[in-house]
$ cat my_file_17.txt   # compact mmCIF, C-alpha atoms and all ligand atoms
# COMPACT_ATOMS: atom_id res chain seq x y z
CA MET A 869 141.39 167.48 146.51
CA ALA A 870 141.72 167.28 142.69
CA ALA A 871 139.37 164.74 141.09
CA ALA A 872 141.05 161.77 139.34
CA GLY A 873 142.79 162.87 136.14
CA GLN A 874 142.47 166.56 137.01
CA LYS A 875 145.54 168.78 136.84
CA SER A 876 146.03 171.18 139.73
CA VAL A 877 147.75 174.52 140.27
CA LEU A 878 147.97 176.70 143.39
CA PHE A 879 149.08 180.32 142.91
CA VAL A 880 150.82 181.77 145.98
CA CYS A 881 151.95 185.20 147.13
CA LEU A 882 152.58 186.92 150.48
CA GLY A 883 149.01 187.89 151.45
CA ASN A 884 146.71 186.19 148.86
CA ILE A 885 144.89 189.45 148.22
CA CYS A 886 146.97 191.05 145.40
CA ARG A 887 149.08 188.91 143.05
CA SER A 888 147.89 185.30 143.53
CA PRO A 889 144.13 186.04 143.19
CA ILE A 890 144.92 187.88 139.93
CA ALA A 891 146.99 184.93 138.66
CA GLU A 892 144.21 182.50 139.69
CA ALA A 893 141.53 184.59 137.92
CA VAL A 894 143.62 185.06 134.75
CA PHE A 895 144.46 181.35 134.54
CA ARG A 896 140.85 180.30 135.20
CA LYS A 897 139.63 182.61 132.40
CA MET A 898 142.26 181.25 129.96
CA ALA A 899 141.44 177.63 130.82
CA THR A 900 137.71 178.41 130.45
CA GLU A 901 138.22 180.03 127.03
CA ALA A 902 140.35 177.02 125.99
CA GLY A 903 137.50 174.70 127.05
CA VAL A 904 139.68 172.85 129.57
CA VAL A 905 138.73 174.47 132.91
CA ASP A 906 137.00 171.28 134.13
CA ASN A 907 140.33 169.45 133.76
CA TRP A 908 141.86 171.77 136.37
CA ARG A 909 141.71 172.39 140.10
CA ILE A 910 142.75 176.07 140.41
CA ASP A 911 143.25 177.97 143.66
CA SER A 912 145.42 180.57 145.38
CA ALA A 913 146.87 181.00 148.87
CA ALA A 914 149.27 183.05 151.00
CA THR A 915 152.58 182.28 152.65
CA SER A 916 151.56 184.62 155.52
CA THR A 917 148.59 185.01 157.88
CA TYR A 918 148.37 188.78 157.19
CA GLU A 919 145.03 188.82 155.34
CA ILE A 920 143.33 185.47 156.10
CA GLY A 921 139.57 185.76 155.42
CA ASN A 922 139.88 189.03 153.52
CA SER A 923 138.69 189.60 149.95
CA PRO A 924 141.09 190.50 147.14
CA ASP A 925 142.50 194.05 147.15
CA ASP A 926 140.13 196.66 145.59
CA ARG A 927 142.85 197.79 143.16
CA GLY A 928 143.24 194.21 141.92
CA GLN A 929 139.47 193.82 141.58
CA ALA A 930 139.31 197.09 139.61
CA CYS A 931 142.13 195.85 137.37
CA MET A 932 140.26 192.58 136.72
CA LYS A 933 137.08 194.55 135.91
CA ARG A 934 139.00 196.70 133.38
CA HIS A 935 140.14 193.52 131.64
CA SER A 936 136.78 191.67 132.01
CA VAL A 937 138.37 188.89 134.06
CA PRO A 938 135.84 187.37 136.50
CA MET A 939 137.24 187.27 140.03
CA ARG A 940 135.86 185.31 142.97
CA HIS A 941 135.52 187.61 145.95
CA VAL A 942 133.55 188.05 149.12
CA ALA A 943 130.22 189.85 148.69
CA ARG A 944 130.59 193.43 149.90
CA GLN A 945 127.12 194.00 151.44
CA TRP A 946 126.70 190.86 153.53
CA VAL A 947 129.28 188.99 155.53
CA ILE A 948 128.05 185.42 155.24
CA ASP A 949 130.37 182.79 156.64
CA SER A 950 130.40 179.20 157.80
CA GLY A 951 132.44 177.30 160.37
CA ALA A 952 133.13 173.87 161.88
CA THR A 953 132.76 172.42 165.38
CA SER A 954 136.09 170.55 164.88
CA ASP A 955 139.54 171.68 163.78
CA TRP A 956 139.96 168.68 161.47
CA ASN A 957 140.08 170.65 158.23
CA VAL A 958 141.19 174.12 159.26
CA GLY A 959 142.70 175.87 156.21
CA SER A 960 141.42 173.31 153.71
CA LEU A 961 139.19 174.13 150.78
CA PRO A 962 135.54 173.05 150.61
CA ASP A 963 135.27 169.49 149.34
CA THR A 964 135.53 169.36 145.51
CA ARG A 965 132.29 167.32 145.35
CA GLY A 966 130.52 170.18 147.12
CA LEU A 967 132.12 172.76 144.86
CA ALA A 968 131.08 170.72 141.80
CA CYS A 969 127.53 170.54 143.14
CA LEU A 970 127.43 174.32 143.68
CA LYS A 971 128.84 174.90 140.20
CA LYS A 972 126.20 172.57 138.66
CA HIS A 973 123.55 174.81 140.22
CA GLY A 974 125.29 177.95 138.98
CA ILE A 975 126.28 179.05 142.47
CA GLU A 976 129.57 180.99 142.48
CA THR A 977 131.95 180.27 145.32
CA SER A 978 133.78 183.28 146.70
CA HIS A 979 137.50 183.43 147.37
CA ARG A 980 138.81 184.50 150.77
CA ALA A 981 142.53 184.79 151.50
CA ARG A 982 143.88 181.62 153.04
CA GLN A 983 147.33 180.42 154.08
CA VAL A 984 149.01 177.54 152.25
CA THR A 985 148.57 174.26 154.17
CA LYS A 986 150.64 171.06 154.45
CA GLU A 987 147.84 169.31 152.51
CA ASP A 988 148.43 171.72 149.59
CA PHE A 989 151.97 170.38 149.12
CA LYS A 990 150.54 166.85 148.81
CA SER A 991 147.48 167.62 146.68
CA PHE A 992 148.66 170.23 144.15
CA GLU A 993 150.84 169.26 141.19
CA TYR A 994 152.12 172.84 140.79
CA ILE A 995 152.59 175.60 143.35
CA LEU A 996 153.50 178.78 141.43
CA CYS A 997 154.67 181.79 143.41
CA MET A 998 155.66 185.39 142.68
CA ASP A 999 159.05 186.26 144.14
CA GLU A 1000 162.16 184.82 145.79
CA SER A 1001 160.81 185.38 149.30
CA ASN A 1002 157.65 183.35 148.49
CA LEU A 1003 159.89 180.66 146.96
CA SER A 1004 162.16 180.36 149.98
CA GLU A 1005 159.19 180.40 152.39
CA LEU A 1006 157.43 177.65 150.40
CA ASN A 1007 160.57 175.50 150.21
CA ARG A 1008 161.04 175.99 153.97
CA LYS A 1009 157.43 174.90 154.67
CA ALA A 1010 157.71 171.95 152.26
CA LYS A 1011 160.63 170.54 154.28
CA SER A 1012 158.16 169.60 157.05
CA VAL A 1013 155.86 167.69 154.65
CA LYS A 1014 156.67 164.01 154.03
CA ASP A 1015 156.57 162.81 150.37
CA TYR A 1016 154.88 165.89 148.92
CA LYS A 1017 154.35 166.01 145.15
CA ALA A 1018 154.07 169.71 144.31
CA LYS A 1019 156.52 171.29 141.88
CA ILE A 1020 157.30 174.65 143.55
CA GLU A 1021 158.25 177.23 140.91
CA LEU A 1022 158.24 180.94 140.15
CA LEU A 1023 155.25 181.80 137.93
CA GLY A 1024 157.68 184.23 136.24
CA SER A 1025 159.81 181.29 135.05
CA TYR A 1026 157.15 180.87 132.33
CA ASP A 1027 157.49 184.49 131.11
CA PRO A 1028 158.62 184.67 127.45
CA GLN A 1029 160.01 188.12 128.33
CA ASN A 1030 162.06 186.52 131.16
CA GLN A 1031 160.75 188.81 133.93
CA ARG A 1032 161.12 186.13 136.62
CA ILE A 1033 159.85 188.22 139.54
CA ILE A 1034 156.27 189.49 139.88
CA LYS A 1035 156.71 192.32 142.38
CA ASP A 1036 154.43 192.90 145.38
CA PRO A 1037 152.13 195.85 144.44
CA TYR A 1038 150.73 196.26 147.97
CA TYR A 1039 152.31 199.72 148.49
CA GLY A 1040 152.07 200.49 144.76
CA SER A 1041 149.73 202.17 142.28
CA ASP A 1042 147.15 201.00 139.73
CA GLU A 1043 150.01 200.88 137.20
CA ASP A 1044 151.78 198.34 139.43
CA PHE A 1045 148.62 196.19 139.42
CA GLU A 1046 148.48 196.53 135.62
CA LYS A 1047 152.08 195.24 135.45
CA VAL A 1048 151.16 192.26 137.68
CA TYR A 1049 148.20 191.56 135.36
CA GLU A 1050 150.33 191.71 132.18
CA GLN A 1051 152.98 189.43 133.68
CA CYS A 1052 150.29 186.95 134.82
CA VAL A 1053 148.73 186.91 131.33
CA ARG A 1054 152.10 186.15 129.64
CA CYS A 1055 153.09 183.48 132.19
CA CYS A 1056 149.69 181.75 132.51
CA LYS A 1057 149.45 181.49 128.70
CA VAL A 1058 152.77 179.62 128.46
CA PHE A 1059 152.02 177.50 131.56
CA LEU A 1060 148.65 176.44 130.09
CA GLU A 1061 150.19 175.69 126.67
CA ARG A 1062 152.90 173.52 128.28
CA ASN A 1063 150.28 171.60 130.32
CA SER A 1064 147.61 171.07 127.68
N1 LIG B 1101 155.38 192.87 154.92
C1 LIG B 1101 155.61 193.42 153.95
C2 LIG B 1101 155.84 194.09 152.71
C3 LIG B 1101 157.13 194.49 152.37
C4 LIG B 1101 157.36 195.13 151.14
C5 LIG B 1101 156.31 195.34 150.27
C6 LIG B 1101 155.02 194.94 150.61
C7 LIG B 1101 154.78 194.33 151.85
C8 LIG B 1101 153.42 193.92 152.19
C9 LIG B 1101 152.81 194.31 153.39
C10 LIG B 1101 151.52 193.91 153.64
N2 LIG B 1101 150.84 194.27 154.75
C11 LIG B 1101 151.35 195.29 155.67
C12 LIG B 1101 152.16 194.66 156.77
C13 LIG B 1101 151.41 193.52 157.42
N3 LIG B 1101 151.90 193.23 158.78
C14 LIG B 1101 153.35 192.81 158.74
C15 LIG B 1101 153.82 192.42 160.13
C16 LIG B 1101 152.93 191.34 160.73
C17 LIG B 1101 151.48 191.78 160.73
C18 LIG B 1101 151.04 192.16 159.34
C19 LIG B 1101 150.85 193.09 152.68
C20 LIG B 1101 149.55 192.62 152.88
C21 LIG B 1101 148.93 191.84 151.91
C22 LIG B 1101 149.59 191.51 150.74
C23 LIG B 1101 150.88 191.94 150.52
C24 LIG B 1101 151.53 192.75 151.50
N4 LIG B 1101 152.79 193.17 151.28

$ encode --input "my_file_17.txt" --output "structure tokens" --more "lines below"
Ligand SMILES: N#Cc1ccccc1-c1cc(NCCCN2CCCCC2)c2ccccc2n1
Amino acid sequence: MAAAGQKSVLFVCLGNICRSPIAEAVFRKMATEAGVVDNWRIDSAATSTYEIGNSPDDRGQACMKRHSVPMRHVARQWVIDSGATSDWNVGSLPDTRGLACLKKHGIETSHRARQVTKEDFKSFEYILCMDESNLSELNRKAKSVKDYKAKIELLGSYDPQNQRIIKDPYYGSDEDFEKVYEQCVRCCKVFLERNS
């Protein structure tokens, strides 16, 4: 849940291992450099269940390293996980108070792919996705959520070069991940400017 007064944005793509973790990392770096990251709740999710629990794609992580963009990801050597006895909060994020506490003690949280939940439509101000199929899937899911508040938009609608669609690079090359990165940089810059 976003703390009072915080803005909130959820980046979404098909599997939450390629495009949306890159968009999340790029936006978090921009907000940090602008000194406003604490005003934001920033996360990413998938429309599908394809990759739940998996870390971001290696090609995307390599791309982020090339551009010195920190990316939250699951530690490679150890698989350390946690679970619940109940199903009350399946799919939800750790509580923001807990995340704030971890952050205060300099403990990084890792990102694992997760599917978008009904709660996301109620708690995020913006849900920014990558292509028309994400958009139609999100609008379909939103129909089953009463009085949700999220503005569901294409991240590409913020692109000054008007490239509205950020294509799925899953079957692509490193160049395709570079293109995703460049589009995310252009779009996140304008989105942050319009919401600062
Ligand atoms: N689907 C499609 C598709 C179509 C065109 C271009 C890319 C993709 C594509 C395929 C993926 N996983 C392979 C198929 C997964 N299985 C599909 C049938 C159900 C069981 C799971 C992806 C995984 C993560 C992120 C993006 C992905 N994108």

$ residues_near_ligand --input "my_file_17.txt" --ligand "ligand LIG 1101 (chain B)" --cutoff "8 Å" --atoms "only C-alpha atoms and all ligand atoms" --output "ChimeraX atom specification"
/A:881-886,917-919,1036-1039

$ residues_around --input "my_file_17.txt" --residues "Ser1025 in chain A" --least-positions-apart "5" --cutoff "10 Å" --atoms "all atoms listed in the file" --output "PyMOL selection string"
chain A and resi 996-998+1030-1033+1055+1058-1059

$ residues_around --input "my_file_17.txt" --residues "Ala913 in chain A" --least-positions-apart "6" --cutoff "10 Å" --atoms "all atoms listed in the file" --output "number ranges by chain"
A: 878-885, 888-889, 892, 920, 959, 979-985, 988, 995, 997

$ residues_around --input "my_file_17.txt" --residues "range 991-993 of chain A" --least-positions-apart "2" --cutoff "6 Å" --atoms "all atoms listed in the file" --output "PyMOL selection string"
chain A and resi 876-877+988-989+1018

$ closest_residue --input "my_file_17.txt" --among "A:Ala872, A:Val905, A:Ile1034, A:Ala1010" --to "Leu1060 in chain A" --atoms "only C-alpha atoms"
A:Val905

$ closest_residue --input "my_file_17.txt" --among "A:Gln1051, A:Ser1001, A:Ser923, A:Gln874" --to "Phe895 in chain A" --atoms "all atoms listed in the file"
A:Gln1051

$ residues_around --input "my_file_17.txt" --residues "Val894 in chain A" --least-positions-apart "2" --cutoff "12 Å" --atoms "all atoms listed in the file" --output "short mmCIF file (atom, residue, chain, number, x, y, z; two decimals) with C-alpha atoms, in the frame of the given file"
data_model
loop_
_atom_site.label_atom_id
_atom_site.label_comp_id
_atom_site.auth_asym_id
_atom_site.auth_seq_id
_atom_site.Cartn_x
_atom_site.Cartn_y
_atom_site.Cartn_z
CA PHE A 879 149.08 180.32 142.91
CA ARG A 887 149.08 188.91 143.05
CA SER A 888 147.89 185.30 143.53
CA PRO A 889 144.13 186.04 143.19
CA ILE A 890 144.92 187.88 139.93
CA ALA A 891 146.99 184.93 138.66
CA GLU A 892 144.21 182.50 139.69
CA ARG A 896 140.85 180.30 135.20
CA LYS A 897 139.63 182.61 132.40
CA MET A 898 142.26 181.25 129.96
CA ALA A 899 141.44 177.63 130.82
CA THR A 900 137.71 178.41 130.45
CA GLU A 901 138.22 180.03 127.03
CA VAL A 905 138.73 174.47 132.91
CA ILE A 910 142.75 176.07 140.41
CA ASP A 911 143.25 177.97 143.66
CA SER A 912 145.42 180.57 145.38
CA GLY A 928 143.24 194.21 141.92
CA GLN A 929 139.47 193.82 141.58
CA CYS A 931 142.13 195.85 137.37
CA MET A 932 140.26 192.58 136.72
CA LYS A 933 137.08 194.55 135.91
CA HIS A 935 140.14 193.52 131.64
CA SER A 936 136.78 191.67 132.01
CA VAL A 937 138.37 188.89 134.06
CA PRO A 938 135.84 187.37 136.50
CA MET A 939 137.24 187.27 140.03
CA ARG A 940 135.86 185.31 142.97
CA VAL A 1048 151.16 192.26 137.68
CA TYR A 1049 148.20 191.56 135.36
CA GLU A 1050 150.33 191.71 132.18
CA GLN A 1051 152.98 189.43 133.68
CA CYS A 1052 150.29 186.95 134.82
CA VAL A 1053 148.73 186.91 131.33
CA ARG A 1054 152.10 186.15 129.64
CA CYS A 1055 153.09 183.48 132.19
CA CYS A 1056 149.69 181.75 132.51
CA LYS A 1057 149.45 181.49 128.70
CA PHE A 1059 152.02 177.50 131.56
CA LEU A 1060 148.65 176.44 130.09
#

$ atom_distance --input "my_file_17.txt" --atom1 "CA of Glu1061 in chain A" --atom2 "CA of Gly873 in chain A"
17.6 Å

$ closest_residue --input "my_file_17.txt" --among "A:Glu1021, A:Gly903, A:Tyr1026, A:Asn1002" --to "Arg1062 in chain A" --atoms "all atoms listed in the file"
A:Tyr1026

$ atom_distance --input "my_file_17.txt" --atom1 "CA of Ile1020 in chain A" --atom2 "CA of Asn907 in chain A"
20.3 Å

$ atom_distance --input "my_file_17.txt" --atom1 "CA of Pro924 in chain A" --atom2 "CA of Tyr1016 in chain A"
28.3 Å

$ closest_residue --input "my_file_17.txt" --among "A:Gln1029, A:Thr915, A:Ser1064, A:Ser1012" --to "Lys990 in chain A" --atoms "only C-alpha atoms"
A:Ser1012
